[in-house]
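Chemist: Quick one: the structure is below, questions incoming.
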Amino acid sequence: MTDATATAHTDDLPPRLTRLVFHGPLSEARAASMVRRLAATRPGSVLDIGCGWGELLLRVLDAVPTAHGVGVDVSGTDLSRGRRNAEARGLADRVEFAEESAEGTRRGPADLVLCLGATQALSKAEPPTPEALRELRRLVTDGGRVLVGEGFWERPPTESELARMWPGASPADHYDLAGLLDLAVEAGFRPEWTETASLDEWEEFESAYQADTEVWLARHPGHPQAADIRDRLDRHRRQWMAYRGILGIAYLTLVPVTD
């Protein structure tokens, strides 16, 4: 392969997640409702753990013109997207995107802490949920709010279903919704609002997650990396079909209990 051919193949790889607005099963309608509810508390500071490109963070900052925010993530690519979006919306002077680990972070306490599908960023425990919730209590100010998005079992998965999910999938990977709420209370919160992603939100997310790459693969079946990309897409689709309707996402708006 010539250098020119190698460069061409690098340049024509599929775009990354351009169909996704949020990196999770979250609809525009639900996001708008969340932002209204959270903005009503008038946070002065917002901390987004595992922020990705920080779409919800930017929407909160747009709704609260006096607020400043920090998004923490280890993906430089996602953070760069967040910075570009902040610049385009005139929010760059009120937000920082930091490429760093969130474990033991000193970024808090903040008036509003967001952690959507990223409790694993706060703890190496398996599952991370109990310890992560305690960390979120540490990171939020008294009188503030936490919005956490966390997986839960809609129903107990069978052994056959688990075998087709992610490698090493176990019933212990997640709690049910009642157990998740109990953990939040034990960590020092009261649940102000409990909502769960719908099947429509899941299907939009999972489809958008793969869509760019699926279209690219259909157009580039002979690409040198096509076989690896096809295997990855097919593996993810099979996993999704295994947890579809079984794995849920709960969005909990939590109020810290004060002494």
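Letters A, B, ... go to the chains of the structure tokens in the order shown; residues in each chain start at 1; ligands are counted from 1 in the same order.
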Using DSSP assignments from the backbone, pull out every residue in stretch 41-259 of chain A that falls under strand (DSSP E) and give it to me as an NGL selection string.
Modeler: :A and (45-49 or 68-73 or 95-99 or 110-116 or 140-153 or 189-196 or 247-256)
Chemist: Could you list, as a PyMOL selection string, every residue within 12 Å of A:His220, counting only C-alpha atoms and ignoring same-chain residues fewer than 4 positions away?
Modeler: chain A and resi 9+12-14+213-216+224-227+229-230
Chemist: Can those selected residues be exported to a file as a JSON list (two decimals), in the first residue's frame so that it contains N, CA and C atoms?
Modeler:
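part-v3.json was written with the following content:
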```json
[["chain", "number", "residue", "atom", "x", "y", "z"],
["A", 9, "HIS", "N", -7.20, 5.90, 3.02],
["A", 9, "HIS", "CA", -7.98, 4.98, 3.85],
["A", 9, "HIS", "C", -8.21, 5.54, 5.25],
["A", 12, "ASP", "N", -10.99, 8.22, 4.93],
["A", 12, "ASP", "CA", -12.35, 7.81, 4.59],
["A", 12, "ASP", "C", -12.96, 6.84, 5.60],
["A", 13, "LEU", "N", -12.43, 6.82, 6.82],
["A", 13, "LEU", "CA", -13.07, 6.05, 7.88],
["A", 13, "LEU", "C", -14.40, 6.70, 8.27],
["A", 14, "PRO", "N", -15.30, 5.94, 8.88],
["A", 14, "PRO", "CA", -16.63, 6.49, 9.17],
["A", 14, "PRO", "C", -16.56, 7.65, 10.17],
["A", 213, "THR", "N", -21.68, 4.45, 10.97],
["A", 213, "THR", "CA", -20.76, 3.38, 10.61],
["A", 213, "THR", "C", -21.44, 2.35, 9.73],
["A", 214, "GLU", "N", -22.72, 2.08, 9.97],
["A", 214, "GLU", "CA", -23.45, 1.14, 9.12],
["A", 214, "GLU", "C", -23.53, 1.66, 7.68],
["A", 215, "VAL", "N", -23.84, 2.93, 7.52],
["A", 215, "VAL", "CA", -23.92, 3.52, 6.18],
["A", 215, "VAL", "C", -22.54, 3.48, 5.51],
["A", 216, "TRP", "N", -21.51, 3.83, 6.27],
["A", 216, "TRP", "CA", -20.15, 3.80, 5.72],
["A", 216, "TRP", "C", -19.79, 2.39, 5.28],
["A", 224, "PRO", "N", -9.86, -1.87, 3.78],
["A", 224, "PRO", "CA", -9.00, -2.75, 4.58],
["A", 224, "PRO", "C", -9.48, -2.97, 6.01],
["A", 225, "GLN", "N", -10.21, -2.02, 6.58],
["A", 225, "GLN", "CA", -10.70, -2.18, 7.94],
["A", 225, "GLN", "C", -12.16, -2.62, 8.00],
["A", 226, "ALA", "N", -12.75, -2.93, 6.85],
["A", 226, "ALA", "CA", -14.18, -3.25, 6.81],
["A", 226, "ALA", "C", -14.52, -4.48, 7.64],
["A", 227, "ALA", "N", -13.69, -5.50, 7.60],
["A", 227, "ALA", "CA", -14.00, -6.74, 8.32],
["A", 227, "ALA", "C", -14.04, -6.50, 9.82],
["A", 229, "ILE", "N", -14.55, -3.64, 11.35],
["A", 229, "ILE", "CA", -15.68, -2.76, 11.66],
["A", 229, "ILE", "C", -16.99, -3.53, 11.58],
["A", 230, "ARG", "N", -17.12, -4.42, 10.60],
["A", 230, "ARG", "CA", -18.34, -5.24, 10.48],
["A", 230, "ARG", "C", -18.50, -6.12, 11.72]]
```
Chemist: I'd like the neighbourhood of A:Gly50 as a ChimeraX atom specification, where a residue qualifies if any of its atoms comes within 9 Å (using only C-alpha atoms), though same-chain residues fewer than 3 positions away should be ignored.
Modeler: /A:54,71-75,101-102,114-122
Chemist: Any idea what the distance is between atom CA of A:Ala86 and atom CA of A:Ser27?
Modeler: 20.5 Å
Chemist: Contacts of A:Leu177 at 7 Å or less, counting only C-alpha atoms, minus same-chain residues fewer than 3 places along, as a list in words?
Modeler: Phe152, Leu180 and Leu181 of chain A
Chemist: Out of A:Leu20, A:Val95, A:Cys51, A:Leu112, which residue has the shortest atom-to-atom distance to A:Glu203 when counting only C-alpha atoms?
Modeler: A:Leu20
Chemist: Which residue gives the smallest distance to A:Ser207 among A:His68, A:His236, A:Arg145, A:Arg89, with only C-alpha atoms counted?
Modeler: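 The shortest atom-to-atom distance to A:Ser207 comes from A:His236.
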Chemist: Which residues of stretch 148-228 of chain A sit at most 6 Å from stretch 241-259 of chain A, using only C-alpha atoms? Give each one's shortest atom pair and distance in Å (one decimal place), in chain and ascending residue order, as CSV.
Modeler:
```
residue,atom,partner,partner_atom,distance
A:Val148,CA,A:Leu252,CA,5.4
A:Gly149,CA,A:Tyr251,CA,4.4
A:Glu150,CA,A:Ala250,CA,5.4
A:Gly151,CA,A:Ile249,CA,4.4
A:Phe152,CA,A:Gly248,CA,5.2
A:Trp153,CA,A:Leu247,CA,4.9
A:Glu154,CA,A:Ile246,CA,5.0
A:Arg155,CA,A:Ile246,CA,5.8
A:Glu161,CA,A:Ala242,CA,5.6
A:Arg164,CA,A:Ala242,CA,5.7
A:Met165,CA,A:Ala242,CA,5.7
A:Gly188,CA,A:Val257,CA,5.5
A:Phe189,CA,A:Pro256,CA,4.4
A:Arg190,CA,A:Val255,CA,5.2
A:Pro191,CA,A:Leu254,CA,4.6
A:Glu192,CA,A:Thr253,CA,5.5
A:Trp193,CA,A:Thr253,CA,5.0
A:Thr194,CA,A:Leu252,CA,4.9
A:Glu195,CA,A:Tyr251,CA,5.3
A:Thr196,CA,A:Ala250,CA,4.3
A:Ala197,CA,A:Ile249,CA,5.5
```
Chemist: Could you tell me how far atom CA of A:Phe22 sits from atom CA of A:Leu199, in Å to one decimal place?
Modeler: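 Separating atom CA of A:Leu199 from atom CA of A:Phe22 is a distance of 15.8 Å.
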Chemist: Which residues, written as an MDAnalysis selection string, have at least one atom at most 7 Å from A:Ala132, with only C-alpha atoms counted and residues fewer than 3 positions away on the same chain left out?
Modeler: chainID A and resid 119 122:123 128:129 135:136
Chemist: Between A:His23, A:His174, A:Arg238, A:Arg59, which is the closest to A:Arg36 once you count only C-alpha atoms?
Modeler: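 With only C-alpha atoms as the atom set, the closest residue is A:Arg59.
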Chemist: Determine which residues of stretch 44-151 of chain A DSSP labels as helix (DSSP H, G or I) from the backbone of this structure, then write them out as a PyMOL selection string.
Modeler: chain A and resi 55-63+76-88+92-94+119-121+129-139
Chemist: For A:Trp166, which residue out of A:Pro127, A:Glu103, A:Gln239, A:Asp228 is the nearest one, using only C-alpha atoms?
Modeler: A:Gln239
Chemist: Pick from A:Arg19, A:Arg134, A:Arg84, A:Arg107: nearest to A:Asp212, with only C-alpha atoms counted?
Modeler: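 Closest candidate: A:Arg19.
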Chemist: Quick one: pull the distance between atom CA of A:Thr141 and atom CA of A:Leu57, Å, one decimal.
Modeler: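 Computing the Euclidean distance for atom CA of A:Thr141 and atom CA of A:Leu57 yields 17.2 Å.
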Chemist: I'd like to know which of A:Asp78, A:Glu55, A:Glu131, A:Asp93 is closest to A:Leu17, using only C-alpha atoms.
Modeler: A:Asp78
